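Below you'll find the structure, written out as structure tokens, and then a few comments.
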Amino acid sequence: MSVIECRNLTKTYRQFHALNDLSMEIRENTITGLIGRNGAGKTTLLKIIAGFLRSTSGEVMVFGQKPFNSLTVSANMIFIDENLVFPAAFCLEEILKEAGKFYQNWDQELAFNLLEYYNLNPKISHQHLSKGTKSIFNTIIGLAARCPLTILDEPTTGMDSVARKDFYRALLKDYMEVPRTIIFSSHQLNEVENLLEDILLIKYGRKCLHIPVLELKEYAVALQGDSAEINGFILEDDVLHRENFAKDQAYLIVRNHLSETRLAEMKLAGIEIAPVSAEDACNYLTMYHNGGIDDVYRKN
Ligand SMILES: Nc1ncnc2c1ncn2[C@@H]1O[C@H](COP(=O)(O)OP(=O)(O)OP(=O)(O)O)[C@@H](O)[C@H]1O
């Protein structure tokens with residue numbers, strides 16, 4: 001069953017398309033990684049799903065309802081990002097106790113155990129937390145709420161690497177204990193890929209890929225060798241990136257539509273073949289069309 005369905009979703013700010021004709025579905029009880037470059041439209045999409053923003057056109061359904069102003073959606077969804085605001089007079093333990101009254105599946109014991117694990121002073125005010133500890137506290141709320149739809153928009157901003165790893169582990173354990181639908185936007189795909197089942201990659205507000213993470217890990221391969229030799233084996237449409245170097249030598253990233261036999265033939269022809277990580281595949285798929293950073297310096 002799909003918890004989220006988007007059909008031809010578009011969000012424009014004046015003439016600018018933050019989301020552009022985006023259609024996708026998210027299955028119940030899956031963890032989906034929302035990946036894309038800065039400004040790709042991730043937060044816009046998540047806020048529309050959460051019912052915080054209205055789309056300009058197209059349709060979005062969450063739990064079978066339009067999320068904007070939907071009580072069902074807000075009662076079954078939590079949205080965690082770095083901008084969570086709480087009443088200034090409340091300390092952390094008061095926030096957790098209040099949150100317990102709001103979320104139906106709230107696990108108070110888990111919330112306080114996590115607070116203790118992270119050495120957060122229960123008496124401190126949320127606004128006095130550092131950037132990283134604020135994120136830690138926000139993720140405690142996101143986990144303990146155990147909402148059927150949990151939206152995490154770059155939840156680890158400012159966290160140190162130990163805190164990030166702890167959070168990923170806690171998220172996985174919690175998800176296994178209480179399965180729910182989780183969407184998680186991140187710029188650290190290499191860190192989170194083992195948590196994720198599916199990847200939704202967006203570029204310039206459009207869906208670029210929506211596939212299982214295991215498929216993404218095999219999506220592309222790197223080829224290096226004689227340029228003409230390589231060209232004889234591949235289709236130009238499959239090339240994601242090409243660098244020519246030395247005489248007639250090339251390094252290419254291509255979509256992996258190559259059979260085992262083909263790959264064996266290429267090896268025999270002296271072409272070096274290497275895997276491309278999920279993160280690198282996403283980076284090549286979302287490269288800007290105006291060259292690389294080196295080109296900026298070449299112009300000077
Ligand atoms: N209220 C707004 N008015 C005008 N433009 C906006 C507004 N909100 C977002 N945008 C633009 O829409 C685009 C998508 O923004 P969004 O925040 O969804 O990107 P993102 O993928 O979450 O980026 P990041 O990874 O940097 O957080 C950006 O170009 C942004 O400047």
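Each chain in the structure tokens gets a letter, A, B, ..., in the order shown, and its residues are numbered from 1; ligands are numbered from 1 in order too.
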
Each residue of chain A lying at most 7 Å from ligand 1 should get a row with its shortest atom-to-atom pair and the distance in Å to one decimal, counting only C-alpha atoms and all ligand atoms; could you produce that, ordered by chain and increasing number, as a Markdown table?
| residue | atom | partner | partner_atom_place_in_ligand_line | distance |
| --- | --- | --- | --- | --- |
| A:Tyr13 | CA | ligand 1 | 4 (C) | 5.0 |
| A:Ala18 | CA | ligand 1 | 12 (O) | 4.2 |
| A:Gly36 | CA | ligand 1 | 21 (O) | 6.0 |
| A:Arg37 | CA | ligand 1 | 25 (O) | 5.7 |
| A:Asn38 | CA | ligand 1 | 26 (O) | 3.4 |
| A:Gly39 | CA | ligand 1 | 19 (O) | 3.4 |
| A:Ala40 | CA | ligand 1 | 21 (O) | 3.8 |
| A:Gly41 | CA | ligand 1 | 18 (O) | 3.2 |
| A:Lys42 | CA | ligand 1 | 21 (O) | 3.8 |
| A:Thr43 | CA | ligand 1 | 22 (O) | 3.7 |
| A:Thr44 | CA | ligand 1 | 18 (O) | 3.7 |
| A:Leu45 | CA | ligand 1 | 18 (O) | 6.4 |

- Message: If we count only C-alpha atoms and set the cut-off at 9 Å, which residues sit around A:Phe63, ignoring sequence neighbours fewer than 3 positions away in its own chain? Please answer as number ranges by chain.
- Response: A: 2-5, 66-67, 72-73, 76

Let's see if you can do this: from backbone DSSP, list all alpha helix (DSSP H) residues in stretch 23-52 of chain A, as a compact mmCIF listing (two decimals) with N, CA and C atoms, in the first residue's frame.
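Wrote result23.txt, looks like this:
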# COMPACT_ATOMS: atom_id res chain seq x y z
N LYS A 42 14.13 19.32 -2.22
CA LYS A 42 13.84 18.29 -1.21
C LYS A 42 12.92 18.82 -0.10
N THR A 43 13.32 19.95 0.49
CA THR A 43 12.52 20.49 1.60
C THR A 43 11.14 20.89 1.10
N THR A 44 11.08 21.45 -0.09
CA THR A 44 9.78 21.85 -0.66
C THR A 44 8.87 20.62 -0.77
N LEU A 45 9.42 19.52 -1.29
CA LEU A 45 8.63 18.30 -1.44
C LEU A 45 8.17 17.79 -0.06
N LEU A 46 9.11 17.76 0.88
CA LEU A 46 8.76 17.23 2.22
C LEU A 46 7.69 18.10 2.89
N LYS A 47 7.79 19.42 2.71
CA LYS A 47 6.80 20.31 3.34
C LYS A 47 5.42 20.17 2.69
N ILE A 48 5.40 19.87 1.41
CA ILE A 48 4.10 19.65 0.74
C ILE A 48 3.49 18.34 1.26
N ILE A 49 4.33 17.31 1.39
CA ILE A 49 3.85 16.02 1.91
C ILE A 49 3.32 16.19 3.34
N ALA A 50 4.05 17.01 4.12
CA ALA A 50 3.66 17.22 5.52
C ALA A 50 2.41 18.09 5.65

- Message: Taking 5 positions as the minimum chain separation for residues in the same chain, which residues sit within 9 Å of A:Ile140 when counting only C-alpha atoms? Answer as an NGL selection string.
- Response: :A and (110-112 or 114-115 or 135 or 145 or 167)

- Query: Suppose you want the space between atom CA of A:Val239 and atom CA of A:Lys203; what is it in Å?
  - Reply: 17.4 Å

- Which residue of A:Lys11, A:Pro122, A:Leu235, A:Val254 approaches A:Ile95 most closely, using only C-alpha atoms: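 Looking at the shortest contact to A:Ile95, the residue is A:Pro122.
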
- Spatial neighbours of A:Glu154, max dist 8 Å, only C-alpha atoms, sep filter under 2 positions, as a PyMOL selection string: chain A and resi 81-82+152+156-157+184-187

Deliver the residues from the most recent selection as a file, using N, CA and C atoms, as a short mmCIF file (atom, residue, chain, number, x, y, z; two decimals), in the first residue's frame.
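This is the output file again-v1.cif:
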data_model
loop_
_atom_site.label_atom_id
_atom_site.label_comp_id
_atom_site.auth_asym_id
_atom_site.auth_seq_id
_atom_site.Cartn_x
_atom_site.Cartn_y
_atom_site.Cartn_z
N ASP A 81 13.17 18.89 11.47
CA ASP A 81 14.27 19.58 10.78
C ASP A 81 14.96 20.48 11.81
N GLU A 82 15.94 21.25 11.35
CA GLU A 82 16.70 22.05 12.33
C GLU A 82 15.93 23.27 12.82
N LEU A 152 12.17 13.27 8.10
CA LEU A 152 13.40 13.79 8.70
C LEU A 152 14.13 14.59 7.63
N THR A 156 20.60 15.40 10.82
CA THR A 156 21.88 15.32 11.54
C THR A 156 22.73 16.59 11.41
N THR A 157 22.13 17.67 10.93
CA THR A 157 22.87 18.92 10.75
C THR A 157 23.62 19.29 12.04
N PHE A 184 13.75 10.47 4.61
CA PHE A 184 14.94 10.98 5.27
C PHE A 184 15.77 11.72 4.22
N SER A 185 15.84 13.05 4.31
CA SER A 185 16.68 13.74 3.34
C SER A 185 18.08 13.91 3.91
N SER A 186 19.06 13.71 3.05
CA SER A 186 20.43 13.75 3.54
C SER A 186 21.39 14.08 2.40
N HIS A 187 22.51 14.71 2.78
CA HIS A 187 23.58 14.93 1.80
C HIS A 187 24.70 13.91 2.01
#

- Message: For A:Leu172, find every residue with an atom within 10 Å (counting only C-alpha atoms), except residues of its own chain fewer than 4 positions away, and show them as a list of chain:residue names.
- Response: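 Near neighbours after the sequence-gap exclusion: A:Ile31, A:Asp166, A:Phe167, A:Tyr168, A:Met176, A:Glu177, A:Val178, A:Pro179, A:Asn194, A:Leu195, A:Leu196.
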
Selection file, C-alpha atoms, as a PDB file, in the first residue's frame:
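What ended up in result.pdb:
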ATOM      1  CA  ILE A  31      12.736   3.968   4.651  1.00  0.00           C
ATOM      2  CA  ASP A 166      24.399   6.577  16.986  1.00  0.00           C
ATOM      3  CA  PHE A 167      21.377   8.204  15.421  1.00  0.00           C
ATOM      4  CA  TYR A 168      21.505   5.982  12.315  1.00  0.00           C
ATOM      5  CA  MET A 176      12.732  -2.697  13.157  1.00  0.00           C
ATOM      6  CA  GLU A 177      10.858  -2.590  16.473  1.00  0.00           C
ATOM      7  CA  VAL A 178       8.089  -0.310  15.229  1.00  0.00           C
ATOM      8  CA  PRO A 179       7.956  -0.341  11.416  1.00  0.00           C
ATOM      9  CA  ASN A 194      22.748   0.974   4.577  1.00  0.00           C
ATOM     10  CA  LEU A 195      19.679   2.275   6.396  1.00  0.00           C
ATOM     11  CA  LEU A 196      17.687   2.918   3.286  1.00  0.00           C
TER      12      LEU A 196
END

- Within 9 Å of A:Ile273 using only C-alpha atoms, minus same-chain residues under 3 positions, as a VMD selection string: chain A and resid 221 to 224 263 266 to 267

- Report the residues of stretch 253-288 of chain A whose backbone DSSP state falls under strand (DSSP E or B), written as a PyMOL selection string. chain A and resi 253-255+272-275

Okay, now the selection with C-alpha atoms, as a CSV table (one decimal), in the first residue's frame?
chain,number,residue,atom,x,y,z
A,253,ILE,CA,31.1,6.7,-15.9
A,254,VAL,CA,28.3,4.9,-17.7
A,255,ARG,CA,24.9,3.4,-16.8
A,272,GLU,CA,39.6,-1.3,-16.7
A,273,ILE,CA,36.2,-1.6,-15.0
A,274,ALA,CA,35.5,-0.4,-11.5
A,275,PRO,CA,32.3,-0.1,-9.5

- Message: If we count only C-alpha atoms and set the cut-off at 6 Å, which residues sit around stretch 204-219 of chain A, ignoring sequence neighbours fewer than 3 positions away in its own chain? Please answer as a ChimeraX atom specification.
- Response: /A:18-20,22,40-41,197-201,255-256,277-278

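For the pair atom CA of A:Ala250 and atom CA of A:Asp280, the separation is 18.1 Å.
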
- Task: Point out the residue among A:Val60, A:Ile230, A:Val162, A:Ala144 with the least atom-to-atom distance to A:Gly100, counting only C-alpha atoms.
- Result: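 The shortest atom-to-atom distance to A:Gly100 comes from A:Ala144.
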